[in-house]
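Text of the file start26.pdb, holding PDB, C-alpha atoms, pLDDT in the B column:
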ATOM      1  CA  MET M  44     -14.173   1.047  -7.985  1.00 84.00           C
ATOM      2  CA  ARG M  45     -12.098  -1.758  -6.515  1.00 94.00           C
ATOM      3  CA  HIS M  46     -11.117  -2.473  -2.936  1.00 96.00           C
ATOM      4  CA  TRP M  47      -7.559  -3.495  -2.072  1.00 96.00           C
ATOM      5  CA  LEU M  48      -5.818  -4.858   1.015  1.00 94.00           C
ATOM      6  CA  VAL M  49      -2.249  -3.724   1.637  1.00 91.00           C
ATOM      7  CA  LYS M  50      -0.198  -4.810   4.577  1.00 90.00           C
ATOM      8  CA  THR M  51       2.582  -3.054   6.354  1.00 88.00           C
ATOM      9  CA  GLU M  52       4.581  -3.714   9.453  1.00 89.00           C
ATOM     10  CA  PRO M  53       3.740  -1.024  12.005  1.00 89.00           C
ATOM     11  CA  ASP M  54       7.394  -0.781  13.057  1.00 90.00           C
ATOM     12  CA  ALA M  55       8.362   0.064   9.449  1.00 87.00           C
ATOM     13  CA  PHE M  56       5.409   2.202   8.266  1.00 86.00           C
ATOM     14  CA  SER M  57       2.290   2.409  10.412  1.00 86.00           C
ATOM     15  CA  LEU M  58      -1.142   3.890   9.848  1.00 86.00           C
ATOM     16  CA  GLU M  59       0.022   6.865  11.926  1.00 89.00           C
ATOM     17  CA  ASP M  60       2.992   7.302   9.568  1.00 88.00           C
ATOM     18  CA  LEU M  61       0.562   7.269   6.632  1.00 85.00           C
ATOM     19  CA  ARG M  62      -1.618   9.910   8.281  1.00 87.00           C
ATOM     20  CA  ARG M  63       1.408  12.086   9.022  1.00 89.00           C
ATOM     21  CA  GLU M  64       2.921  11.751   5.520  1.00 85.00           C
ATOM     22  CA  SER M  65      -0.314  11.713   3.523  1.00 80.00           C
ATOM     23  CA  PRO M  66      -0.170  11.482   0.612  1.00 80.00           C
ATOM     24  CA  ALA M  67       2.572   8.895   0.932  1.00 77.00           C
ATOM     25  CA  LEU M  68       4.565   6.946  -1.613  1.00 76.00           C
ATOM     26  CA  TRP M  69       4.025   3.213  -1.147  1.00 73.00           C
ATOM     27  CA  ASP M  70       7.463   1.870  -2.050  1.00 75.00           C
ATOM     28  CA  GLY M  71       9.768  -0.931  -1.034  1.00 74.00           C
ATOM     29  CA  VAL M  72       7.430  -3.606  -2.411  1.00 80.00           C
ATOM     30  CA  ARG M  73       9.517  -6.696  -3.151  1.00 81.00           C
ATOM     31  CA  ASN M  74       6.802  -9.177  -4.099  1.00 86.00           C
ATOM     32  CA  TYR M  75       6.165  -9.148  -7.865  1.00 87.00           C
ATOM     33  CA  GLN M  76       2.467  -9.999  -7.579  1.00 92.00           C
ATOM     34  CA  ALA M  77       1.949  -7.242  -5.000  1.00 88.00           C
ATOM     35  CA  ARG M  78       3.793  -4.812  -7.288  1.00 87.00           C
ATOM     36  CA  ASN M  79       1.489  -5.796 -10.157  1.00 91.00           C
ATOM     37  CA  PHE M  80      -1.566  -5.200  -7.970  1.00 92.00           C
ATOM     38  CA  LEU M  81      -0.251  -1.733  -7.081  1.00 90.00           C
ATOM     39  CA  ARG M  82      -0.021  -1.005 -10.808  1.00 91.00           C
ATOM     40  CA  GLU M  83      -3.679  -2.034 -11.242  1.00 95.00           C
ATOM     41  CA  MET M  84      -4.945   0.430  -8.635  1.00 95.00           C
ATOM     42  CA  GLN M  85      -7.023   3.291 -10.024  1.00 96.00           C
ATOM     43  CA  LEU M  86      -7.786   6.737  -8.650  1.00 96.00           C
ATOM     44  CA  GLY M  87     -10.481   6.576  -5.987  1.00 96.00           C
ATOM     45  CA  ASP M  88     -10.042   2.854  -5.223  1.00 97.00           C
ATOM     46  CA  VAL M  89     -10.409   2.045  -1.527  1.00 97.00           C
ATOM     47  CA  VAL M  90      -7.417   0.544   0.289  1.00 94.00           C
ATOM     48  CA  LEU M  91      -7.679  -1.350   3.566  1.00 95.00           C
ATOM     49  CA  ILE M  92      -4.469  -0.933   5.582  1.00 92.00           C
ATOM     50  CA  GLN M  93      -3.472  -4.051   7.526  1.00 94.00           C
ATOM     51  CA  HIS M  94      -0.771  -4.139  10.178  1.00 92.00           C
ATOM     52  CA  SER M  95       1.129  -7.438   9.996  1.00 91.00           C
ATOM     53  CA  SER M  96       4.069  -8.923  11.886  1.00 88.00           C
ATOM     54  CA  CYS M  97       2.712  -7.570  15.148  1.00 89.00           C
ATOM     55  CA  LYS M  98       1.021  -8.974  18.244  1.00 92.00           C
ATOM     56  CA  VAL M  99      -2.501  -8.643  16.799  1.00 92.00           C
ATOM     57  CA  PRO M 100      -2.512  -8.423  12.983  1.00 92.00           C
ATOM     58  CA  ALA M 101      -5.587  -6.509  11.836  1.00 95.00           C
ATOM     59  CA  VAL M 102      -7.019  -4.020   9.378  1.00 96.00           C
ATOM     60  CA  VAL M 103      -6.420  -0.707  11.130  1.00 94.00           C
ATOM     61  CA  GLY M 104      -7.656   1.879   8.651  1.00 93.00           C
ATOM     62  CA  LEU M 105      -8.786   2.932   5.204  1.00 93.00           C
ATOM     63  CA  ALA M 106      -7.096   4.950   2.485  1.00 90.00           C
ATOM     64  CA  VAL M 107      -7.974   6.051  -1.040  1.00 93.00           C
ATOM     65  CA  VAL M 108      -5.709   5.808  -4.090  1.00 92.00           C
ATOM     66  CA  SER M 109      -4.806   9.410  -4.946  1.00 90.00           C
ATOM     67  CA  GLU M 110      -2.146   8.825  -7.635  1.00 89.00           C
ATOM     68  CA  LEU M 111      -1.424   6.120 -10.165  1.00 90.00           C
ATOM     69  CA  ALA M 112       1.644   3.895  -9.844  1.00 85.00           C
ATOM     70  CA  LEU M 113       4.938   5.434 -10.889  1.00 79.00           C
ATOM     71  CA  PRO M 114       7.645   3.540 -12.767  1.00 75.00           C
ATOM     72  CA  VAL M 115      10.535   2.373 -10.601  1.00 66.00           C
ATOM     73  CA  PRO M 116      13.796   3.986 -11.774  1.00 64.00           C
ATOM     74  CA  GLY M 117      16.211   1.415 -13.151  1.00 60.00           C
ATOM     75  CA  HIS M 118      13.606  -1.362 -13.447  1.00 59.00           C
ATOM     76  CA  ALA M 119      11.827  -2.646 -16.520  1.00 58.00           C
ATOM     77  CA  SER M 120       8.076  -1.985 -16.504  1.00 54.00           C
TER      78      SER M 120
END

Let me see whether you can do it: turn the structure in this file into structure tokens.
Amino acid sequence: MRHWLVKTEPDAFSLEDLRRESPALWDGVRNYQARNFLREMQLGDVVLIQHSSCKVPAVVGLAVVSELALPVPGHAS
């Protein structure tokens, strides 16, 4: 089992949004290396959720990978 750190801006998608929409699709990733890491995630891996671009950036919660990465429509894998 691996541990991952993912960051999100609380104004765009907060830990509360994740709780409300769980399971949630983690999309909108523009960074290629981050996208590759998402593809490496395996079922049961632990994910630390970090709020960034806010007054006090910090890890605010934990999640568990519940589905493998899906291909992005219209993009080469």

Kindly compute an axis-aligned box around the listed atoms of segment 53-67 of chain M, allowing 6 Å on each side, and express its centre and edge lengths in Å to one decimal as lines of an AutoDock Vina configuration file.
center_x = 3.4
center_y = 5.5
center_z = 6.8
size_x = 22.0
size_y = 25.1
size_z = 24.4

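Evaluating the PyMOL selection byres ((chain M and resi 107) around 8) against the shown model yields Leu86, Gly87, Asp88, Val89, Val90, Leu105, Ala106, Val108 and Ser109 of chain M.
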
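For the pair atom CA of Ser65 of chain M and atom CA of Leu91 of chain M, the interatomic distance is 15.0 Å.
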
Counting all atoms listed in the file, the residue of M:Val102, M:Val72, M:Ser96, M:Glu64 that sits nearest Trp47 of chain M: M:Val102

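Here atom CA of Glu110 of chain M stands at a distance of 18.0 Å from atom CA of Asp60 of chain M.
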
Computed interatomic separation between atom CA of Ala112 of chain M and atom CA of Arg82 of chain M (Å): 5.3 Å

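Counting only C-alpha atoms, the residue from M:Ile92, M:Gln85, M:Cys97, M:Tyr75 that sits nearest to Leu61 of chain M is M:Ile92.
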
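Evaluated on this file, the PyMOL selection byres ((chain M and resi 56) around 12) matches Val49, Lys50, Thr51, Glu52, Pro53, Asp54, Ala55, Ser57, Leu58, Glu59, Asp60, Leu61, Arg62, Arg63, Glu64, Ala67, Leu68, Trp69, Asp70, Gly71, Ile92, Gln93, His94, Ser95 and Ser96 of chain M.
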
Among listed residues M:Asn74, M:Pro66, M:Val99, M:Gly104, nearest Leu48 of chain M (using all atoms listed in the file): M:Gly104
